[in-house]
Amino acid sequence: MAIPSYATRGERIWHYVFLGLCALIFLFLVGPLLVIIPLSFNAEPYFTFSEAMLSLDPAGYSLRWYQDFFTSSEWLNSIKNSFIVGISSTLLATVLGTVAALGLSSRHMPARGLIMALLISPMIVPLIISAAAMFFFFSKIQLAQTYLGVILAHTALGIPFVVITVTATLSSFDTTLIRAAHSLGANPTRTFFKVVLPLVTPGVVSGALFAFITSFDEVVVVLFIAGPEQRTMPIQMWSGIREQISPTILAVATMLVLLSMLLLATLELLRRRNERLRGMSPS
Amino acid sequence: MSDSPSAPLTTADGVPLKVSLRRASRRMKLKALLLVSPLLAFLIIAFVMPIFDMLWRSVDNPEVSNALPRTVAALEHWDGASLPDEPVYAALAQDLKTGQEARNLGLVSSRLNYEKSGMRSAMMGTARRLSRIEPPYKAALIDANDAWGELDTWQLIERESSPYTLSYYLAAVDLQYTPAGEIVEVPDYLQIHLALFWRTFWMSGLITLLTLVLGYPIAFLLANLPARRANLLMILVLLPFWTSLLVRTTTWIAILQSQGVLNDMMVALGVVADEARWQMIHNKTGTIIAMTHILLPFMILPLYSVMKTIPPSYMRAARSLGGKPFLSFRRVYFPLTIPGIAAGGILVFILSIGYYITPALVGGQSGRFITNYIAYHMQTSLNWGLAAAIASILLAVVIVFYMVFNRLIGVDKVKLG
């Protein structure tokens with residue numbers, strides 16, 4: 001965003017004021033996430049910087065909250081639960097969502113708008129409403145307080161993300177490629193695995209990532225329908241924040257920030273690969 | 001060509017072309033439906049049916065007719081103007097006896113207690129003394145508990161003997177039935193729900209406005225920078241977007257609490273006295289700051305995708321036609337971004353009114369949303385019908401906004417990251 005050569009002095013000043021404002025807003029966006037990283041190495045059991053930390057005294061820093069995390073059976077168990085629920089519901093949502101997206105992108109799909117609205121609805125309905133509704137219903141059919149119940153609930157919540165990303169990828173899919181494959185003698189199955197799937201994979205993978213992170217970060221529904229055995233990591237954090245504010249939560253938060261950085265990098269790589277495959281220059 | 005020009009076109013095996021085409025397209029339609037059907041079936045069972053079950057629960061009213069069937073039957077011939085006669089009291093004594101034996105009086109007594117306080121102890125107390133109650137029942141029951149001598153009690157039982165009720169919805173908007181069955185406002189000190197609905201709406205509106213004010217410059221900057229630098233800065237928007245909601249809420253607790261980072265900084269700088277630290281959390285301020293931060297990316301992303309489509313030459317043209325910078329922006333650029341503002345605004349507003357976690361953790365008493373009351377009635381007061389009614393009203397509001405959103409933008413055009 002260069003300043004045009006004809007800009008007046010006032011416009012130049014405004015330009016720098018504008019950039020300064022943007023810098024402040026970026027600080028508001030990312031600053032909080034960066035503040036907790038050093039705080040998680042606090043040697044004291046507080047949520048704030050101690051004198052020793054500010055004077056960079058090594059004694060002010062410690063790994064005790066990380067140690068606390070990795071030696072606590074409650075935390076480790078909750079991570080295990082989060083992965084069990086997250087992976088199962090992601091697999092289920094990805095398979096169901098991808099197959100449905102293939103149907104939805106067909107030109108012959110009847111009532112497309114209505115069906116799409118229905119498939120997206122778990123993303124729109126407030127979580128507390130989904131949670132209350134699932135609690136009533138799942139209690140009736142003996143699914144409350146079971147792993148299966150939590151997995152099915154998270155599958156429903158993850159589905160919109162898979163459907164949206166895969167249909168978006170399919171909408172820019174060049175269908176002449178299928179005809180070309182047929183004309184070269186490939187049968188439909190071979191065409192699907194050799195032509196369609198490789199081109200759609202980035203969409204499927206990013207949809208699956210969205211579904212996984214949705215499940216991995218979901219509190220409200222688990223809060224209502226899970227029993228003590230299905231405590232996931234967000235529930236552990238939730239009760240940690242509400243009951244005893246121990247900086248172990250900050251250690252967990254730091255690890256989760258690093259995880260989201262990793263995830264973001266993966267998505268960026270997928271996006272670039274996708275653009276390369278389509279013959280666009282990466283921007 | 002031996003066919004006359006009027007004969008219908010046919011395929012090689014003699015089927016008319018139209019029929020063949022219709023068949024083919026029906027086959028394709030069926031195939032598409034078949035691909036979607038597993039997911040549809042799954043969602044209907046795991047999501048749609050629970051929602052309908054909840055809607056049903058908000059009007060469902062089985063307690064009185066289940067637990068007091070004889071009383072309900074006996075009340076059918078009652079004129080409703082004076083205390084019922086002996087047969088009704090006898091029926092009630094019978095019902096209480098059966099209920100006491102089957103231990104199912106708890107549900108109905110709590111149900112009636114929602115409508116008239118004291119009903120729970122009246123029913124349970126009378127049931128306990130049942131062995132000492134002998135005919136004539138009317139005098140004996142009134143003697144056991146005054147509630148049976150009040151006309152209100154009988155009007156209430158008669159009204160709630162219907163299998164459906166509107167009373168949960170009335171309670172959800174701070175209304176109630178009078179004993180005679182008219183609808184009036186509940187007393188002032190009991191009016192909480194409407195105030196919470198309004199608070200949820202105006203705070204969500206304020207949060208939406210704040211995200212717009214903060215998001216607009218960022219989206220503008222990202223849309224007008226060269227792609228390489230824009231992508232780099234975009235990471236700063238996407239990182240919080242991808243970070244766990246609980247992590248973001250936790251960081252705001254660490255920053256805003258009275259012994260937190262921001263207060264410490266202000267005290268160190270001498271802006272605030274140590275004993276007059278700012279109370280920025282567990283109140284409205286906490287909810288507004290944290291939710292603005294959490295929802296800001298949802299405003300920036302749609303704004304950015306709209307601004308990206310506005311050619312920079314428009315602004316240059318406006319300038320070359322003599323428009324001052326502000327005028328050119330206001331008359332040319334800004335109107336073009338209105339679809340983005342609408343998309344981001346509705347999205348943030350919908351998400352905001354449904355938020356539960358953040359207001360619950362940083363909202364305290366004054367920063368609570370209506371969602372927190374749904375949870376309260378689900379988990380603490382156990383008035384599930386009321387929770388379902390409040391949730392249904394909130395759902396209706398969300399659906400209306402969602403339909404507007406869909407009409408304006410289209411769901412399938414939502415971009416994620």
# chains A, B, ... in the order shown; residues from 1 in each chain; ligands from 1
$ interface_residues --of "chain B" --to "chain A" --cutoff "6 Å" --atoms "only C-alpha atoms" --output "tab-separated table (two decimals) with C-alpha atoms, in the first residue's frame"
chain	number	residue	atom	x	y	z
B	29	LYS	CA	-30.57	-37.33	-9.35
B	32	ALA	CA	-26.62	-37.67	-6.04
B	35	LEU	CA	-24.40	-40.04	-1.94
B	36	VAL	CA	-25.92	-37.46	0.40
B	39	LEU	CA	-24.92	-37.97	6.03
B	50	PRO	CA	-32.62	-33.78	19.35
B	51	ILE	CA	-33.53	-30.21	18.36
B	54	MET	CA	-36.13	-29.98	22.72
B	218	ILE	CA	-7.09	-4.40	9.05
B	224	ASN	CA	-4.36	-3.37	-0.51
B	225	LEU	CA	-0.91	-4.68	0.38
B	242	TRP	CA	-7.10	-21.10	15.11
B	243	THR	CA	-6.22	-20.91	18.77
B	244	SER	CA	-8.37	-22.69	21.31
B	247	VAL	CA	-6.79	-20.44	25.65
B	251	THR	CA	-5.14	-15.13	28.37
B	254	ALA	CA	-4.28	-13.34	32.96
B	260	GLY	CA	-3.01	-9.20	36.17
B	261	VAL	CA	-0.56	-8.00	33.57
B	354	GLY	CA	-25.03	-17.84	21.21
B	391	ALA	CA	-33.35	-22.09	24.02
$ select_by_dssp --residues "segment 7-241 of chain B" --states "strand (DSSP E)" --output "ChimeraX atom specification"
/B:175-177,183-185
$ write_last_selection --atoms "C-alpha atoms" --output "PDB file, in the first residue's frame"
ATOM      1  CA  LEU B 175     -45.047 -13.494  32.007  1.00  0.00           C
ATOM      2  CA  GLN B 176     -47.303 -15.796  33.971  1.00  0.00           C
ATOM      3  CA  TYR B 177     -50.899 -16.914  34.283  1.00  0.00           C
ATOM      4  CA  ILE B 183     -51.617 -13.604  31.211  1.00  0.00           C
ATOM      5  CA  VAL B 184     -49.806 -10.906  33.224  1.00  0.00           C
ATOM      6  CA  GLU B 185     -46.240  -9.814  33.914  1.00  0.00           C
TER       7      GLU B 185
END
$ select_by_dssp --residues "segment 178-382 of chain B" --states "helix (DSSP H, G or I)" --output "PyMOL selection string"
chain B and resi 188-190+193-224+227-242+245-256+261-269+274-276+284-307+313-320+325-353+357-362+370-379
$ atom_distance --atom1 "atom CA of Leu382 of chain B" --atom2 "atom CA of Tyr114 of chain B"
10.9 Å
$ atom_distance --atom1 "atom CA of Ile192 of chain B" --atom2 "atom CA of Ala290 of chain B"
24.1 Å
$ closest_residue --among "A:Ser172, A:Val195, A:Pro228, A:Val204" --to "Glu275 of chain A" --atoms "only C-alpha atoms"
A:Ser172
$ closest_residue --among "B:Val59, B:Asn231, B:Gly364, B:Ile289" --to "Arg271 of chain A" --atoms "only C-alpha atoms"
B:Asn231
$ residues_around --residues "segment 201-208 of chain B" --least-positions-apart "3" --cutoff "9 Å" --atoms "only C-alpha atoms" --output "PyMOL selection string"
chain B and resi 196-198+211-213+284+287-289+291-292+295-296+299+344-353+367+369
$ residues_around --residues "segment 150-167 of chain B" --least-positions-apart "6" --cutoff "6 Å" --atoms "only C-alpha atoms" --output "list in words"
Val59, Asp60, Asn61, Pro62, Val64, Ser65, Leu83 and Pro179 of chain B
$ write_last_selection --atoms "N, CA, C and O atoms" --output "CSV table (one decimal), in the first residue's frame"
chain,number,residue,atom,x,y,z
B,59,VAL,N,-43.1,-27.3,25.3
B,59,VAL,CA,-44.5,-27.2,25.5
B,59,VAL,C,-45.1,-28.5,26.1
B,59,VAL,O,-46.3,-28.5,26.5
B,60,ASP,N,-44.3,-29.5,26.2
B,60,ASP,CA,-44.8,-30.8,26.8
B,60,ASP,C,-45.1,-30.7,28.2
B,60,ASP,O,-44.4,-30.0,29.0
B,61,ASN,N,-46.2,-31.2,28.7
B,61,ASN,CA,-46.7,-31.0,30.0
B,61,ASN,C,-47.4,-32.2,30.6
B,61,ASN,O,-48.6,-32.2,30.9
B,62,PRO,N,-46.7,-33.3,30.7
B,62,PRO,CA,-47.3,-34.6,31.1
B,62,PRO,C,-47.5,-34.8,32.6
B,62,PRO,O,-48.3,-35.7,33.0
B,64,VAL,N,-48.9,-33.4,35.4
B,64,VAL,CA,-50.2,-33.4,36.1
B,64,VAL,C,-51.1,-34.6,35.7
B,64,VAL,O,-51.6,-35.3,36.5
B,65,SER,N,-51.3,-34.7,34.3
B,65,SER,CA,-52.2,-35.7,33.9
B,65,SER,C,-51.7,-37.1,34.1
B,65,SER,O,-52.5,-38.0,34.3
B,83,LEU,N,-64.8,-23.7,45.3
B,83,LEU,CA,-64.1,-25.0,45.6
B,83,LEU,C,-64.8,-26.2,45.1
B,83,LEU,O,-66.0,-26.3,45.1
B,179,PRO,N,-54.3,-16.8,38.6
B,179,PRO,CA,-55.1,-18.0,38.9
B,179,PRO,C,-56.3,-18.2,38.0
B,179,PRO,O,-56.6,-19.3,37.6
$ atom_distance --atom1 "atom CA of Ile225 of chain A" --atom2 "atom CA of Ala171 of chain B"
25.7 Å
$ residues_around --residues "Arg64 of chain A" --least-positions-apart "2" --cutoff "10 Å" --atoms "only C-alpha atoms" --output "number ranges by chain"
A: 40-45, 61-62, 66-70, 247-248, 251
$ closest_residue --among "B:His293, B:Arg368, B:Arg316, B:Arg128" --to "Ser5 of chain A" --atoms "only C-alpha atoms"
B:Arg316
$ residues_around --residues "segment 69-75 of chain B" --least-positions-apart "5" --cutoff "7 Å" --atoms "only C-alpha atoms" --output "list in words"
Pro87, Val88, Ala91, Leu92, Asp95, Glu158 and Ser161 of chain B
$ write_last_selection --atoms "N, CA and C atoms" --output "short mmCIF file (atom, residue, chain, number, x, y, z; two decimals), in the first residue's frame"
data_model
loop_
_atom_site.label_atom_id
_atom_site.label_comp_id
_atom_site.auth_asym_id
_atom_site.auth_seq_id
_atom_site.Cartn_x
_atom_site.Cartn_y
_atom_site.Cartn_z
N PRO B 87 -66.19 -35.40 45.59
CA PRO B 87 -65.60 -36.42 44.71
C PRO B 87 -64.20 -36.04 44.22
N VAL B 88 -63.99 -34.74 43.96
CA VAL B 88 -62.67 -34.31 43.48
C VAL B 88 -61.62 -34.53 44.57
N ALA B 91 -60.85 -38.11 44.84
CA ALA B 91 -59.97 -38.52 43.75
C ALA B 91 -58.53 -38.10 44.04
N LEU B 92 -58.35 -36.89 44.56
CA LEU B 92 -57.00 -36.40 44.87
C LEU B 92 -56.36 -37.29 45.92
N ASP B 95 -55.24 -40.38 44.27
CA ASP B 95 -54.06 -40.14 43.43
C ASP B 95 -52.80 -39.98 44.28
N GLU B 158 -56.28 -27.63 37.26
CA GLU B 158 -57.11 -27.82 36.06
C GLU B 158 -56.39 -27.33 34.81
N SER B 161 -53.55 -29.54 33.69
CA SER B 161 -53.86 -30.93 33.38
C SER B 161 -53.85 -31.18 31.88
#
$ decode --residues "segment 360-386 of chain B" --atoms "N, CA, C and O atoms" --output "PDB file, in the first residue's frame"
ATOM      1  N   ALA B 360     -19.452 -16.968  30.608  1.00  0.00           N
ATOM      2  CA  ALA B 360     -19.491 -17.729  31.853  1.00  0.00           C
ATOM      3  C   ALA B 360     -18.187 -17.589  32.628  1.00  0.00           C
ATOM      4  O   ALA B 360     -18.186 -17.563  33.851  1.00  0.00           O
ATOM      5  N   LEU B 361     -17.058 -17.488  31.899  1.00  0.00           N
ATOM      6  CA  LEU B 361     -15.768 -17.445  32.588  1.00  0.00           C
ATOM      7  C   LEU B 361     -15.344 -16.032  32.974  1.00  0.00           C
ATOM      8  O   LEU B 361     -14.728 -15.842  34.017  1.00  0.00           O
ATOM      9  N   VAL B 362     -15.614 -15.042  32.134  1.00  0.00           N
ATOM     10  CA  VAL B 362     -15.134 -13.699  32.452  1.00  0.00           C
ATOM     11  C   VAL B 362     -16.266 -12.704  32.690  1.00  0.00           C
ATOM     12  O   VAL B 362     -16.008 -11.539  32.944  1.00  0.00           O
ATOM     13  N   GLY B 363     -17.517 -13.156  32.592  1.00  0.00           N
ATOM     14  CA  GLY B 363     -18.629 -12.211  32.648  1.00  0.00           C
ATOM     15  C   GLY B 363     -19.100 -11.841  34.046  1.00  0.00           C
ATOM     16  O   GLY B 363     -19.719 -10.801  34.221  1.00  0.00           O
ATOM     17  N   GLY B 364     -18.819 -12.683  35.041  1.00  0.00           N
ATOM     18  CA  GLY B 364     -19.325 -12.405  36.377  1.00  0.00           C
ATOM     19  C   GLY B 364     -20.844 -12.311  36.365  1.00  0.00           C
ATOM     20  O   GLY B 364     -21.507 -12.952  35.552  1.00  0.00           O
ATOM     21  N   GLN B 365     -21.405 -11.504  37.289  1.00  0.00           N
ATOM     22  CA  GLN B 365     -22.863 -11.349  37.332  1.00  0.00           C
ATOM     23  C   GLN B 365     -23.372 -10.488  36.179  1.00  0.00           C
ATOM     24  O   GLN B 365     -24.311 -10.843  35.496  1.00  0.00           O
ATOM     25  N   SER B 366     -22.692  -9.340  35.965  1.00  0.00           N
ATOM     26  CA  SER B 366     -23.266  -8.340  35.068  1.00  0.00           C
ATOM     27  C   SER B 366     -22.950  -8.614  33.604  1.00  0.00           C
ATOM     28  O   SER B 366     -23.523  -7.995  32.722  1.00  0.00           O
ATOM     29  N   GLY B 367     -22.015  -9.534  33.331  1.00  0.00           N
ATOM     30  CA  GLY B 367     -21.642  -9.776  31.935  1.00  0.00           C
ATOM     31  C   GLY B 367     -22.201 -11.073  31.417  1.00  0.00           C
ATOM     32  O   GLY B 367     -21.722 -11.627  30.441  1.00  0.00           O
ATOM     33  N   ARG B 368     -23.249 -11.582  32.092  1.00  0.00           N
ATOM     34  CA  ARG B 368     -23.791 -12.875  31.713  1.00  0.00           C
ATOM     35  C   ARG B 368     -24.761 -12.752  30.555  1.00  0.00           C
ATOM     36  O   ARG B 368     -25.447 -11.751  30.418  1.00  0.00           O
ATOM     37  N   PHE B 369     -24.827 -13.780  29.734  1.00  0.00           N
ATOM     38  CA  PHE B 369     -25.726 -13.805  28.589  1.00  0.00           C
ATOM     39  C   PHE B 369     -26.899 -14.734  28.883  1.00  0.00           C
ATOM     40  O   PHE B 369     -26.863 -15.494  29.846  1.00  0.00           O
ATOM     41  N   ILE B 370     -27.899 -14.691  28.004  1.00  0.00           N
ATOM     42  CA  ILE B 370     -29.068 -15.550  28.181  1.00  0.00           C
ATOM     43  C   ILE B 370     -28.661 -17.030  28.116  1.00  0.00           C
ATOM     44  O   ILE B 370     -29.263 -17.872  28.768  1.00  0.00           O
ATOM     45  N   THR B 371     -27.609 -17.331  27.361  1.00  0.00           N
ATOM     46  CA  THR B 371     -27.129 -18.720  27.274  1.00  0.00           C
ATOM     47  C   THR B 371     -26.740 -19.252  28.646  1.00  0.00           C
ATOM     48  O   THR B 371     -26.943 -20.419  28.942  1.00  0.00           O
ATOM     49  N   ASN B 372     -26.173 -18.378  29.482  1.00  0.00           N
ATOM     50  CA  ASN B 372     -25.769 -18.810  30.813  1.00  0.00           C
ATOM     51  C   ASN B 372     -26.985 -19.188  31.645  1.00  0.00           C
ATOM     52  O   ASN B 372     -26.895 -20.015  32.545  1.00  0.00           O
ATOM     53  N   TYR B 373     -28.132 -18.576  31.325  1.00  0.00           N
ATOM     54  CA  TYR B 373     -29.355 -18.925  32.031  1.00  0.00           C
ATOM     55  C   TYR B 373     -29.946 -20.235  31.551  1.00  0.00           C
ATOM     56  O   TYR B 373     -30.579 -20.943  32.332  1.00  0.00           O
ATOM     57  N   ILE B 374     -29.722 -20.542  30.262  1.00  0.00           N
ATOM     58  CA  ILE B 374     -30.150 -21.863  29.778  1.00  0.00           C
ATOM     59  C   ILE B 374     -29.387 -22.927  30.562  1.00  0.00           C
ATOM     60  O   ILE B 374     -29.964 -23.883  31.081  1.00  0.00           O
ATOM     61  N   ALA B 375     -28.074 -22.725  30.676  1.00  0.00           N
ATOM     62  CA  ALA B 375     -27.253 -23.688  31.417  1.00  0.00           C
ATOM     63  C   ALA B 375     -27.695 -23.755  32.873  1.00  0.00           C
ATOM     64  O   ALA B 375     -27.762 -24.841  33.456  1.00  0.00           O
ATOM     65  N   TYR B 376     -28.026 -22.592  33.450  1.00  0.00           N
ATOM     66  CA  TYR B 376     -28.459 -22.572  34.848  1.00  0.00           C
ATOM     67  C   TYR B 376     -29.727 -23.414  35.039  1.00  0.00           C
ATOM     68  O   TYR B 376     -29.808 -24.228  35.961  1.00  0.00           O
ATOM     69  N   HIS B 377     -30.705 -23.235  34.145  1.00  0.00           N
ATOM     70  CA  HIS B 377     -31.941 -24.001  34.293  1.00  0.00           C
ATOM     71  C   HIS B 377     -31.746 -25.479  33.960  1.00  0.00           C
ATOM     72  O   HIS B 377     -32.468 -26.324  34.459  1.00  0.00           O
ATOM     73  N   MET B 378     -30.741 -25.781  33.120  1.00  0.00           N
ATOM     74  CA  MET B 378     -30.457 -27.181  32.808  1.00  0.00           C
ATOM     75  C   MET B 378     -29.794 -27.877  33.989  1.00  0.00           C
ATOM     76  O   MET B 378     -30.075 -29.026  34.279  1.00  0.00           O
ATOM     77  N   GLN B 379     -28.816 -27.188  34.613  1.00  0.00           N
ATOM     78  CA  GLN B 379     -27.943 -27.869  35.561  1.00  0.00           C
ATOM     79  C   GLN B 379     -28.269 -27.581  37.018  1.00  0.00           C
ATOM     80  O   GLN B 379     -28.024 -28.420  37.869  1.00  0.00           O
ATOM     81  N   THR B 380     -28.775 -26.394  37.328  1.00  0.00           N
ATOM     82  CA  THR B 380     -28.952 -26.031  38.728  1.00  0.00           C
ATOM     83  C   THR B 380     -30.413 -26.040  39.149  1.00  0.00           C
ATOM     84  O   THR B 380     -30.789 -26.745  40.076  1.00  0.00           O
ATOM     85  N   SER B 381     -31.274 -25.276  38.446  1.00  0.00           N
ATOM     86  CA  SER B 381     -32.669 -25.240  38.879  1.00  0.00           C
ATOM     87  C   SER B 381     -33.450 -26.447  38.357  1.00  0.00           C
ATOM     88  O   SER B 381     -34.532 -26.732  38.829  1.00  0.00           O
ATOM     89  N   LEU B 382     -32.845 -27.151  37.379  1.00  0.00           N
ATOM     90  CA  LEU B 382     -33.439 -28.363  36.812  1.00  0.00           C
ATOM     91  C   LEU B 382     -34.842 -28.146  36.232  1.00  0.00           C
ATOM     92  O   LEU B 382     -35.614 -29.075  36.107  1.00  0.00           O
ATOM     93  N   ASN B 383     -35.142 -26.890  35.877  1.00  0.00           N
ATOM     94  CA  ASN B 383     -36.411 -26.605  35.208  1.00  0.00           C
ATOM     95  C   ASN B 383     -36.176 -26.745  33.701  1.00  0.00           C
ATOM     96  O   ASN B 383     -35.962 -25.779  32.988  1.00  0.00           O
ATOM     97  N   TRP B 384     -36.191 -28.004  33.233  1.00  0.00           N
ATOM     98  CA  TRP B 384     -35.791 -28.274  31.853  1.00  0.00           C
ATOM     99  C   TRP B 384     -36.751 -27.700  30.837  1.00  0.00           C
ATOM    100  O   TRP B 384     -36.363 -27.307  29.750  1.00  0.00           O
ATOM    101  N   GLY B 385     -38.041 -27.656  31.178  1.00  0.00           N
ATOM    102  CA  GLY B 385     -39.017 -27.078  30.254  1.00  0.00           C
ATOM    103  C   GLY B 385     -38.706 -25.617  29.995  1.00  0.00           C
ATOM    104  O   GLY B 385     -38.739 -25.148  28.855  1.00  0.00           O
ATOM    105  N   LEU B 386     -38.355 -24.893  31.063  1.00  0.00           N
ATOM    106  CA  LEU B 386     -38.019 -23.476  30.919  1.00  0.00           C
ATOM    107  C   LEU B 386     -36.735 -23.313  30.107  1.00  0.00           C
ATOM    108  O   LEU B 386     -36.647 -22.462  29.212  1.00  0.00           O
TER     109      LEU B 386
END
